[in-house]
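Contents: one structure, followed by commentary.
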Amino acid sequence: MAYFIEWVTPEVMAALEDALDAAILAREQGETQAQINAALAALNEAIETFMDAKQDGELEVNESIMQQLIAAAEALVTGVTISDDGSDVSISDYWVTPEAILALEEALAAVKAAIAEDDIIAAYIELNEAIAAFNDEKQHGTKGGIVVKVDPVITTWPSASAVTYGAVLSTSTLTGGISNVSGTFAWTTPSIPVGDAGTRTHNVTFTPDDTDNYNTLSQSVDIIVNKASPVVTTWPSASAITYGAALSTSGLTGGVGAGEFAWTNSSTIPTVNNSGYSVTFTPDDAANYNTRRRNVSITVNKAEAIINCPVERITWYDAVYFCNKLSILEGFEPVYTITGISKTTTSGLTYISNATVAVDWTKNGYRLPTEAEWEYAARGDYPNKATETATKPFGIGDGTKLTWEMANINGQKPYDLAATPPGEYDDPSGKRISSTTPVGDYDPNNYGLYDMHGNVEEWCWDWYRPDYITYGFETRTTDGAGANEDPAGPFDAASRIMKGGYWNDEAQNARSAYRSSDNSSTRGSRIGFRLVRR
């Protein structure tokens, strides 16, 4: 059976040549595999058009020869070798050299020439020779040609070193990446900012050393962005304060920075001689910037002295003299008449060392308490204080004990009726301050009176005699039936009563009932006084 093919037009032949030129150009210009494949597909379509084109005029050709001609043309375009036994052998895994592409060009040119000369047999022979040349140019390996690249295998993507807010990606070092082929890990866009503080994600690209045979790969990698240190152009200055005031009373002005300045510990009370105190700068953008601290100097002016410790180093004469002066200052009637005053100066301090003192109990001014008044006040508001002198020796706590936590005494010699034996005992761990303490450092008794026990011994009005009842005594008040309620002590003696104990006294000497005495001209750091007024 004969197979007829009609002559093709010059336009169809030109289209075939154009498609071939596009395929060759794609290869020579290093286009991608996809672009080369597209050019070859266009060439295949042109060949099919060539084979399908018909026009008037016939030439008889053997059908089997024409079928081989058609199959050979398709094989050149699709990359399939026709074996001797007629089976198809895929060559898609082979690299194809530029020479193979040129052989294709030459084969089609020969076909063109053969057809032009009405020699289909010659065209068939030329095409077969092109197939042989094409097959000879197949190679396997890394030789140039149309390369089908593969992806490298990334076992481990690298980790990124932490950077600071405001930096660019190139400042972060990539370490630890592992691939099955040699190559380099790098940030895909190293010049861009890393972003806000926290954990951020950016692309890393792996570029293989063998870029002819392996593709590049990209994947996102986490990077820690730390907060940056804010820029403080000028730290503030602090306004002066008075000694004893807290830093919160000092204003901070003049600081320059995008944020706020404040004392780090505003409740701190600075000293006069200081090297400055910490100021904290808190940035407006606290999400991306850390706080900063720096010492700022502050002037602390001297304060007016506040006397809150008990008066000490005062004679009995000084005490009664002060009572009269205070009474006059506040408009009350002086209780004492003081004559024959003698003064002594020691170490720059002048005090009254002798005088004659008379008392008028009817006056309403300030005076020293009698011993009975002092003891009544010291014992506090116990229900049966008159009969509890042995069971309630103190006017604070439950009345049965006195320790260094309760009063300013020698804490190594406390007193407790529950001790064995009852009374004074040794406490080597007890605290001993060895000086006066401010009034109010210890709890008051239940009359609200402070330091009735300890701190300083306190002058009373009374003369001291061991058993003044034997010598007779002044009666200041009675119960109306003649019974004495508030004796004012003996009529005379050599010394005056002192009560309460002092900062280095044993606790038993601070008991409410304990009596001590000294000469009216005696003075010292253990001696003070307390005033009463009716």
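Identifiers in this document derive from the order of the structure tokens: chains are assigned A, B, ..., residues are numbered from 1 separately in each chain, and ligands are numbered from 1 in order of occurrence.
On the backbone of this structure, DSSP gives alpha helix (DSSP H) within segment 428-510 of chain A to Tyr468, Ile469, Thr470 and Tyr471 of chain A.
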Shell of 12 Å around segment 352-356 of chain A, only C-alpha atoms, local chain residues under 2 positions omitted, as an mmCIF file with all heavy atoms, in the first residue's frame:
data_model
loop_
_atom_site.group_PDB
_atom_site.id
_atom_site.type_symbol
_atom_site.label_atom_id
_atom_site.label_comp_id
_atom_site.auth_asym_id
_atom_site.auth_seq_id
_atom_site.Cartn_x
_atom_site.Cartn_y
_atom_site.Cartn_z
ATOM 1 N N ARG A 313 22.489 64.656 131.448
ATOM 2 C CA ARG A 313 23.542 65.500 132.052
ATOM 3 C C ARG A 313 22.948 66.760 132.702
ATOM 4 O O ARG A 313 23.442 67.874 132.503
ATOM 5 C CB ARG A 313 24.583 65.896 130.988
ATOM 6 C CG ARG A 313 25.215 64.718 130.288
ATOM 7 C CD ARG A 313 26.175 65.134 129.189
ATOM 8 N NE ARG A 313 26.570 63.989 128.376
ATOM 9 C CZ ARG A 313 27.544 63.132 128.679
ATOM 10 N NH1 ARG A 313 28.231 63.297 129.808
ATOM 11 N NH2 ARG A 313 27.822 62.122 127.892
ATOM 12 N N ILE A 314 21.883 66.565 133.461
ATOM 13 C CA ILE A 314 21.209 67.680 134.105
ATOM 14 C C ILE A 314 21.118 67.424 135.613
ATOM 15 O O ILE A 314 20.808 66.311 136.048
ATOM 16 C CB ILE A 314 19.815 67.898 133.488
ATOM 17 C CG1 ILE A 314 19.175 69.180 134.011
ATOM 18 C CG2 ILE A 314 18.909 66.684 133.735
ATOM 19 C CD1 ILE A 314 17.919 69.548 133.245
ATOM 20 N N THR A 315 21.433 68.452 136.416
ATOM 21 C CA THR A 315 21.336 68.302 137.883
ATOM 22 C C THR A 315 19.877 68.426 138.310
ATOM 23 O O THR A 315 19.016 68.871 137.549
ATOM 24 C CB THR A 315 22.161 69.374 138.598
ATOM 25 O OG1 THR A 315 21.579 70.669 138.345
ATOM 26 C CG2 THR A 315 23.615 69.371 138.117
ATOM 27 N N TRP A 316 19.641 68.057 139.562
ATOM 28 C CA TRP A 316 18.289 68.207 140.101
ATOM 29 C C TRP A 316 17.899 69.679 140.119
ATOM 30 O O TRP A 316 16.765 70.040 139.800
ATOM 31 C CB TRP A 316 18.243 67.622 141.513
ATOM 32 C CG TRP A 316 16.892 67.628 142.166
ATOM 33 C CD1 TRP A 316 15.946 66.681 142.080
ATOM 34 C CD2 TRP A 316 16.355 68.681 143.003
ATOM 35 N NE1 TRP A 316 14.830 67.026 142.810
ATOM 36 C CE2 TRP A 316 15.063 68.270 143.390
ATOM 37 C CE3 TRP A 316 16.829 69.893 143.457
ATOM 38 C CZ2 TRP A 316 14.253 69.035 144.204
ATOM 39 C CZ3 TRP A 316 16.012 70.660 144.279
ATOM 40 C CH2 TRP A 316 14.734 70.233 144.636
ATOM 41 N N TYR A 317 18.872 70.555 140.445
ATOM 42 C CA TYR A 317 18.606 72.001 140.452
ATOM 43 C C TYR A 317 18.259 72.500 139.050
ATOM 44 O O TYR A 317 17.366 73.333 138.875
ATOM 45 C CB TYR A 317 19.827 72.761 140.969
ATOM 46 C CG TYR A 317 20.193 72.438 142.391
ATOM 47 C CD1 TYR A 317 21.382 71.796 142.695
ATOM 48 C CD2 TYR A 317 19.342 72.790 143.454
ATOM 49 C CE1 TYR A 317 21.727 71.496 144.011
ATOM 50 C CE2 TYR A 317 19.676 72.502 144.777
ATOM 51 C CZ TYR A 317 20.873 71.848 145.044
ATOM 52 O OH TYR A 317 21.210 71.568 146.341
ATOM 53 N N ASP A 318 18.989 71.996 138.043
ATOM 54 C CA ASP A 318 18.661 72.384 136.664
ATOM 55 C C ASP A 318 17.233 71.999 136.305
ATOM 56 O O ASP A 318 16.529 72.732 135.602
ATOM 57 C CB ASP A 318 19.614 71.682 135.681
ATOM 58 C CG ASP A 318 21.026 72.208 135.732
ATOM 59 O OD1 ASP A 318 21.213 73.403 136.005
ATOM 60 O OD2 ASP A 318 21.958 71.416 135.466
ATOM 61 N N ALA A 319 16.799 70.833 136.794
ATOM 62 C CA ALA A 319 15.466 70.335 136.450
ATOM 63 C C ALA A 319 14.370 71.235 137.003
ATOM 64 O O ALA A 319 13.417 71.598 136.288
ATOM 65 C CB ALA A 319 15.293 68.909 136.954
ATOM 66 N N VAL A 320 14.484 71.598 138.290
ATOM 67 C CA VAL A 320 13.430 72.444 138.871
ATOM 68 C C VAL A 320 13.481 73.860 138.280
ATOM 69 O O VAL A 320 12.447 74.520 138.111
ATOM 70 C CB VAL A 320 13.533 72.487 140.407
ATOM 71 C CG1 VAL A 320 13.269 71.111 141.007
ATOM 72 C CG2 VAL A 320 14.876 73.019 140.882
ATOM 73 N N TYR A 321 14.679 74.326 137.969
ATOM 74 C CA TYR A 321 14.825 75.646 137.335
ATOM 75 C C TYR A 321 14.128 75.645 135.967
ATOM 76 O O TYR A 321 13.434 76.597 135.616
ATOM 77 C CB TYR A 321 16.322 75.959 137.180
ATOM 78 C CG TYR A 321 16.610 77.339 136.645
ATOM 79 C CD1 TYR A 321 16.641 78.456 137.500
ATOM 80 C CD2 TYR A 321 16.855 77.537 135.277
ATOM 81 C CE1 TYR A 321 16.923 79.724 137.004
ATOM 82 C CE2 TYR A 321 17.127 78.796 134.781
ATOM 83 C CZ TYR A 321 17.161 79.884 135.645
ATOM 84 O OH TYR A 321 17.431 81.140 135.152
ATOM 85 N N PHE A 322 14.298 74.559 135.185
ATOM 86 C CA PHE A 322 13.635 74.434 133.886
ATOM 87 C C PHE A 322 12.120 74.419 134.050
ATOM 88 O O PHE A 322 11.394 75.007 133.244
ATOM 89 C CB PHE A 322 14.102 73.161 133.182
ATOM 90 C CG PHE A 322 13.418 72.915 131.870
ATOM 91 C CD1 PHE A 322 13.852 73.541 130.705
ATOM 92 C CD2 PHE A 322 12.319 72.072 131.791
ATOM 93 C CE1 PHE A 322 13.204 73.321 129.498
ATOM 94 C CE2 PHE A 322 11.670 71.851 130.590
ATOM 95 C CZ PHE A 322 12.110 72.480 129.438
ATOM 96 N N TYR A 336 7.987 76.410 141.991
ATOM 97 C CA TYR A 336 9.146 76.500 142.882
ATOM 98 C C TYR A 336 9.590 77.943 143.081
ATOM 99 O O TYR A 336 9.464 78.789 142.177
ATOM 100 C CB TYR A 336 10.314 75.690 142.292
ATOM 101 C CG TYR A 336 9.984 74.243 142.031
ATOM 102 C CD1 TYR A 336 9.916 73.755 140.725
ATOM 103 C CD2 TYR A 336 9.728 73.374 143.089
ATOM 104 C CE1 TYR A 336 9.609 72.430 140.476
ATOM 105 C CE2 TYR A 336 9.424 72.042 142.850
ATOM 106 C CZ TYR A 336 9.354 71.572 141.537
ATOM 107 O OH TYR A 336 9.046 70.259 141.311
ATOM 108 N N THR A 337 10.121 78.153 144.324
ATOM 109 C CA THR A 337 10.836 79.392 144.617
ATOM 110 C C THR A 337 12.295 79.016 144.786
ATOM 111 O O THR A 337 12.642 78.213 145.659
ATOM 112 C CB THR A 337 10.309 80.055 145.890
ATOM 113 O OG1 THR A 337 8.912 80.348 145.728
ATOM 114 C CG2 THR A 337 11.081 81.328 146.192
ATOM 115 N N ILE A 338 13.138 79.572 143.892
ATOM 116 C CA ILE A 338 14.545 79.170 143.860
ATOM 117 C C ILE A 338 15.401 80.386 144.188
ATOM 118 O O ILE A 338 15.352 81.415 143.514
ATOM 119 C CB ILE A 338 14.928 78.615 142.468
ATOM 120 C CG1 ILE A 338 13.961 77.494 142.068
ATOM 121 C CG2 ILE A 338 16.368 78.119 142.456
ATOM 122 C CD1 ILE A 338 14.135 77.030 140.648
ATOM 123 N N THR A 339 16.216 80.252 145.240
ATOM 124 C CA THR A 339 17.107 81.340 145.653
ATOM 125 C C THR A 339 18.507 80.792 145.889
ATOM 126 O O THR A 339 18.715 79.574 145.971
ATOM 127 C CB THR A 339 16.600 81.983 146.952
ATOM 128 O OG1 THR A 339 16.518 80.981 147.988
ATOM 129 C CG2 THR A 339 15.231 82.623 146.764
ATOM 130 N N GLY A 340 19.469 81.708 145.988
ATOM 131 C CA GLY A 340 20.850 81.314 146.303
ATOM 132 C C GLY A 340 21.468 80.412 145.251
ATOM 133 O O GLY A 340 22.178 79.449 145.591
ATOM 134 N N ILE A 341 21.206 80.729 144.001
ATOM 135 C CA ILE A 341 21.703 79.862 142.920
ATOM 136 C C ILE A 341 23.208 79.972 142.759
ATOM 137 O O ILE A 341 23.756 81.074 142.681
ATOM 138 C CB ILE A 341 21.012 80.211 141.590
ATOM 139 C CG1 ILE A 341 19.506 79.890 141.674
ATOM 140 C CG2 ILE A 341 21.655 79.476 140.416
ATOM 141 C CD1 ILE A 341 18.726 80.304 140.441
ATOM 142 N N SER A 342 23.884 78.803 142.690
ATOM 143 C CA SER A 342 25.316 78.737 142.390
ATOM 144 C C SER A 342 25.496 77.921 141.113
ATOM 145 O O SER A 342 24.885 76.864 140.961
ATOM 146 C CB SER A 342 26.084 78.083 143.536
ATOM 147 O OG SER A 342 25.995 78.878 144.704
ATOM 148 N N LYS A 343 26.373 78.400 140.215
ATOM 149 C CA LYS A 343 26.581 77.705 138.939
ATOM 150 C C LYS A 343 28.035 77.266 138.806
ATOM 151 O O LYS A 343 28.937 77.900 139.322
ATOM 152 C CB LYS A 343 26.203 78.603 137.761
ATOM 153 C CG LYS A 343 24.719 78.969 137.732
ATOM 154 C CD LYS A 343 24.377 79.805 136.506
ATOM 155 C CE LYS A 343 22.884 80.121 136.460
ATOM 156 N NZ LYS A 343 22.524 80.930 135.268
ATOM 157 N N THR A 344 28.227 76.201 138.067
ATOM 158 C CA THR A 344 29.558 75.656 137.797
ATOM 159 C C THR A 344 29.686 75.391 136.295
ATOM 160 O O THR A 344 28.732 74.937 135.656
ATOM 161 C CB THR A 344 29.782 74.348 138.573
ATOM 162 O OG1 THR A 344 29.641 74.616 139.992
ATOM 163 C CG2 THR A 344 31.163 73.786 138.307
ATOM 164 N N THR A 345 30.874 75.675 135.745
ATOM 165 C CA THR A 345 31.127 75.414 134.321
ATOM 166 C C THR A 345 32.175 74.325 134.199
ATOM 167 O O THR A 345 33.269 74.444 134.754
ATOM 168 C CB THR A 345 31.593 76.681 133.597
ATOM 169 O OG1 THR A 345 30.579 77.692 133.703
ATOM 170 C CG2 THR A 345 31.874 76.384 132.118
ATOM 171 N N THR A 346 31.842 73.286 133.484
ATOM 172 C CA THR A 346 32.748 72.165 133.248
ATOM 173 C C THR A 346 32.714 71.797 131.774
ATOM 174 O O THR A 346 31.631 71.550 131.220
ATOM 175 C CB THR A 346 32.351 70.936 134.087
ATOM 176 O OG1 THR A 346 32.357 71.293 135.485
ATOM 177 C CG2 THR A 346 33.329 69.789 133.869
ATOM 178 N N LEU A 349 30.283 73.589 129.625
ATOM 179 C CA LEU A 349 28.866 73.506 129.973
ATOM 180 C C LEU A 349 28.651 74.075 131.384
ATOM 181 O O LEU A 349 29.348 73.709 132.326
ATOM 182 C CB LEU A 349 28.393 72.057 129.922
ATOM 183 C CG LEU A 349 28.438 71.382 128.552
ATOM 184 C CD1 LEU A 349 28.038 69.919 128.690
ATOM 185 C CD2 LEU A 349 27.532 72.090 127.553
ATOM 186 N N THR A 350 27.638 74.958 131.487
ATOM 187 C CA THR A 350 27.330 75.577 132.784
ATOM 188 C C THR A 350 26.068 74.943 133.346
ATOM 189 O O THR A 350 25.082 74.766 132.629
ATOM 190 C CB THR A 350 27.127 77.085 132.612
ATOM 191 O OG1 THR A 350 28.341 77.663 132.100
ATOM 192 C CG2 THR A 350 26.793 77.734 133.950
ATOM 193 N N ALA A 358 12.094 75.993 147.427
ATOM 194 C CA ALA A 358 10.856 75.773 148.175
ATOM 195 C C ALA A 358 9.747 75.454 147.179
ATOM 196 O O ALA A 358 9.785 75.891 146.032
ATOM 197 C CB ALA A 358 10.511 77.011 148.990
ATOM 198 N N VAL A 359 8.741 74.676 147.602
ATOM 199 C CA VAL A 359 7.683 74.244 146.710
ATOM 200 C C VAL A 359 6.329 74.722 147.206
ATOM 201 O O VAL A 359 6.071 74.792 148.412
ATOM 202 C CB VAL A 359 7.671 72.706 146.578
ATOM 203 C CG1 VAL A 359 7.411 72.043 147.933
ATOM 204 C CG2 VAL A 359 6.650 72.247 145.550
ATOM 205 N N ASN A 519 23.166 62.937 144.776
ATOM 206 C CA ASN A 519 23.240 64.314 145.238
ATOM 207 C C ASN A 519 22.581 65.232 144.216
ATOM 208 O O ASN A 519 22.684 65.015 143.013
ATOM 209 C CB ASN A 519 24.710 64.690 145.445
ATOM 210 C CG ASN A 519 24.858 66.039 146.118
ATOM 211 O OD1 ASN A 519 24.724 67.062 145.472
ATOM 212 N ND2 ASN A 519 25.150 66.029 147.418
ATOM 213 N N SER A 520 21.933 66.264 144.682
ATOM 214 C CA SER A 520 21.175 67.163 143.806
ATOM 215 C C SER A 520 22.048 67.846 142.769
ATOM 216 O O SER A 520 21.543 68.313 141.735
ATOM 217 C CB SER A 520 20.468 68.236 144.639
ATOM 218 O OG SER A 520 19.595 67.641 145.576
ATOM 219 N N SER A 521 23.354 67.897 142.989
ATOM 220 C CA SER A 521 24.252 68.560 142.043
ATOM 221 C C SER A 521 24.888 67.566 141.062
ATOM 222 O O SER A 521 25.686 67.962 140.220
ATOM 223 C CB SER A 521 25.348 69.317 142.798
ATOM 224 O OG SER A 521 26.117 68.406 143.590
ATOM 225 N N THR A 522 24.530 66.288 141.177
ATOM 226 C CA THR A 522 25.115 65.276 140.291
ATOM 227 C C THR A 522 24.518 65.388 138.882
ATOM 228 O O THR A 522 23.324 65.658 138.711
ATOM 229 C CB THR A 522 24.845 63.870 140.853
ATOM 230 O OG1 THR A 522 25.440 63.766 142.149
ATOM 231 C CG2 THR A 522 25.432 62.804 139.937
ATOM 232 N N ARG A 523 25.358 65.161 137.898
ATOM 233 C CA ARG A 523 24.901 65.169 136.514
ATOM 234 C C ARG A 523 25.665 64.096 135.749
ATOM 235 O O ARG A 523 26.742 63.674 136.143
ATOM 236 C CB ARG A 523 25.118 66.545 135.855
ATOM 237 C CG ARG A 523 26.535 67.038 135.950
ATOM 238 C CD ARG A 523 26.679 68.481 135.504
ATOM 239 N NE ARG A 523 26.405 68.653 134.102
ATOM 240 C CZ ARG A 523 27.306 68.475 133.132
ATOM 241 N NH1 ARG A 523 28.539 68.119 133.446
ATOM 242 N NH2 ARG A 523 26.978 68.654 131.879
#
Polymer residues at most 7 Å from segment 411-427 of chain A, only C-alpha atoms, same-chain spacing of 4 or more positions, as a PDB file with N, CA, C and O atoms, in the first residue's frame:
ATOM      1  N   THR A 400       5.314  41.301 134.017  1.00  0.00           N
ATOM      2  CA  THR A 400       6.111  40.317 134.764  1.00  0.00           C
ATOM      3  C   THR A 400       7.562  40.235 134.321  1.00  0.00           C
ATOM      4  O   THR A 400       8.362  39.564 134.966  1.00  0.00           O
ATOM      5  N   LYS A 401       7.911  40.887 133.201  1.00  0.00           N
ATOM      6  CA  LYS A 401       9.291  40.755 132.714  1.00  0.00           C
ATOM      7  C   LYS A 401       9.716  42.018 131.978  1.00  0.00           C
ATOM      8  O   LYS A 401       8.900  42.854 131.575  1.00  0.00           O
ATOM      9  N   LEU A 402      11.045  42.122 131.795  1.00  0.00           N
ATOM     10  CA  LEU A 402      11.625  43.241 131.060  1.00  0.00           C
ATOM     11  C   LEU A 402      12.873  42.742 130.334  1.00  0.00           C
ATOM     12  O   LEU A 402      13.788  42.221 130.970  1.00  0.00           O
ATOM     13  N   THR A 403      12.877  42.876 129.002  1.00  0.00           N
ATOM     14  CA  THR A 403      14.019  42.440 128.181  1.00  0.00           C
ATOM     15  C   THR A 403      14.474  43.604 127.305  1.00  0.00           C
ATOM     16  O   THR A 403      13.824  44.662 127.245  1.00  0.00           O
ATOM     17  N   TRP A 404      15.589  43.406 126.586  1.00  0.00           N
ATOM     18  CA  TRP A 404      16.129  44.475 125.755  1.00  0.00           C
ATOM     19  C   TRP A 404      15.201  44.873 124.608  1.00  0.00           C
ATOM     20  O   TRP A 404      15.272  45.981 124.100  1.00  0.00           O
ATOM     21  N   LYS A 431      20.960  42.386 123.826  1.00  0.00           N
ATOM     22  CA  LYS A 431      21.506  43.591 123.205  1.00  0.00           C
ATOM     23  C   LYS A 431      21.705  44.692 124.242  1.00  0.00           C
ATOM     24  O   LYS A 431      20.861  44.910 125.112  1.00  0.00           O
ATOM     25  N   ARG A 432      22.834  45.392 124.148  1.00  0.00           N
ATOM     26  CA  ARG A 432      23.116  46.521 125.030  1.00  0.00           C
ATOM     27  C   ARG A 432      23.571  47.693 124.164  1.00  0.00           C
ATOM     28  O   ARG A 432      24.624  47.641 123.531  1.00  0.00           O
ATOM     29  N   GLU A 506      20.854  47.067 134.947  1.00  0.00           N
ATOM     30  CA  GLU A 506      20.206  45.763 134.937  1.00  0.00           C
ATOM     31  C   GLU A 506      18.694  45.955 135.032  1.00  0.00           C
ATOM     32  O   GLU A 506      18.211  46.938 135.600  1.00  0.00           O
ATOM     33  N   ALA A 507      17.948  45.002 134.486  1.00  0.00           N
ATOM     34  CA  ALA A 507      16.498  45.150 134.435  1.00  0.00           C
ATOM     35  C   ALA A 507      15.877  45.281 135.819  1.00  0.00           C
ATOM     36  O   ALA A 507      14.877  45.982 135.995  1.00  0.00           O
ATOM     37  N   GLN A 508      16.471  44.621 136.816  1.00  0.00           N
ATOM     38  CA  GLN A 508      15.875  44.699 138.158  1.00  0.00           C
ATOM     39  C   GLN A 508      15.940  46.121 138.723  1.00  0.00           C
ATOM     40  O   GLN A 508      15.124  46.499 139.559  1.00  0.00           O
TER      41      GLN A 508
END
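Shell of Asp284 of chain A at 12 Å, with only C-alpha atoms counted and residues fewer than 5 places along the chain excluded, is Pro230, Val231, Gly257, Ala258, Gly259, Glu260, Phe261, Tyr289, Asn290 and Thr291 of chain A.
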Exercise. What lies within 8 Å of segment 375-392 of chain A using only C-alpha atoms, ignoring chain neighbours under 5 positions off, as number ranges by chain?
Worked result: A: 398-400, 417, 445-447, 449, 452-453, 512-513
Write to file, as a PDB file, in the first residue's frame, the residues of the selection just made, with N, CA and C atoms.
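Once everything was written out, this is part19.pdb:
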ATOM      1  N   ASP A 398       3.110  42.261 129.996  1.00  0.00           N
ATOM      2  CA  ASP A 398       2.187  41.700 130.992  1.00  0.00           C
ATOM      3  C   ASP A 398       2.604  42.064 132.400  1.00  0.00           C
ATOM      4  N   GLY A 399       3.640  42.920 132.532  1.00  0.00           N
ATOM      5  CA  GLY A 399       4.069  43.410 133.842  1.00  0.00           C
ATOM      6  C   GLY A 399       5.023  42.499 134.571  1.00  0.00           C
ATOM      7  N   THR A 400       5.314  41.301 134.017  1.00  0.00           N
ATOM      8  CA  THR A 400       6.111  40.317 134.764  1.00  0.00           C
ATOM      9  C   THR A 400       7.562  40.235 134.321  1.00  0.00           C
ATOM     10  N   LEU A 417       9.771  37.005 136.052  1.00  0.00           N
ATOM     11  CA  LEU A 417       9.257  36.255 137.197  1.00  0.00           C
ATOM     12  C   LEU A 417       9.059  34.787 136.867  1.00  0.00           C
ATOM     13  N   ASN A 445       3.777  52.243 127.891  1.00  0.00           N
ATOM     14  CA  ASN A 445       2.943  51.433 128.779  1.00  0.00           C
ATOM     15  C   ASN A 445       1.478  51.722 128.469  1.00  0.00           C
ATOM     16  N   ASN A 446       0.572  51.084 129.199  1.00  0.00           N
ATOM     17  CA  ASN A 446      -0.833  51.238 128.838  1.00  0.00           C
ATOM     18  C   ASN A 446      -1.453  52.559 129.304  1.00  0.00           C
ATOM     19  N   TYR A 447      -0.601  53.458 129.841  1.00  0.00           N
ATOM     20  CA  TYR A 447      -0.996  54.849 130.027  1.00  0.00           C
ATOM     21  C   TYR A 447      -0.549  55.712 128.847  1.00  0.00           C
ATOM     22  N   LEU A 449       2.692  56.217 128.191  1.00  0.00           N
ATOM     23  CA  LEU A 449       3.933  56.889 128.590  1.00  0.00           C
ATOM     24  C   LEU A 449       5.136  56.078 128.106  1.00  0.00           C
ATOM     25  N   MET A 452       9.346  54.722 130.705  1.00  0.00           N
ATOM     26  CA  MET A 452       9.280  54.760 132.178  1.00  0.00           C
ATOM     27  C   MET A 452      10.304  53.796 132.758  1.00  0.00           C
ATOM     28  N   HIS A 453      10.706  52.817 131.963  1.00  0.00           N
ATOM     29  CA  HIS A 453      11.747  51.871 132.363  1.00  0.00           C
ATOM     30  C   HIS A 453      12.917  52.021 131.389  1.00  0.00           C
ATOM     31  N   SER A 512       9.422  49.185 138.758  1.00  0.00           N
ATOM     32  CA  SER A 512       8.628  50.344 139.190  1.00  0.00           C
ATOM     33  C   SER A 512       8.923  50.737 140.628  1.00  0.00           C
ATOM     34  N   ALA A 513       9.180  49.754 141.495  1.00  0.00           N
ATOM     35  CA  ALA A 513       9.357  50.034 142.922  1.00  0.00           C
ATOM     36  C   ALA A 513      10.805  50.357 143.290  1.00  0.00           C
TER      37      ALA A 513
END
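Running DSSP on the backbone and keeping only strand (DSSP E), the residues of segment 381-476 of chain A that qualify are Lys401, Leu402, Tyr415, Asp416, Gly423, Glu424, Glu457, Glu458, Trp459, Cys460, Trp461, Asp462, Trp463, Phe473, Glu474, Thr475 and Arg476 of chain A.
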Problem set entry | atom CA of Val163 of chain A to atom CA of Thr201 of chain A, straight-line distance in Å | 12.8 Å
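Ranking A:Val296, A:Thr155, A:Asp285, A:Tyr243 by their shortest atom-to-atom distance to Gly255 of chain A, with only C-alpha atoms included, puts A:Val296 first.
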For this session: Do a neighbour search on His202 of chain A at 8 Å with only C-alpha atoms, toss out local chain neighbours closer than 6 positions, and write the hits as JSON, numbers by chain.
Result: {"A": [187, 220, 221, 222, 223]}
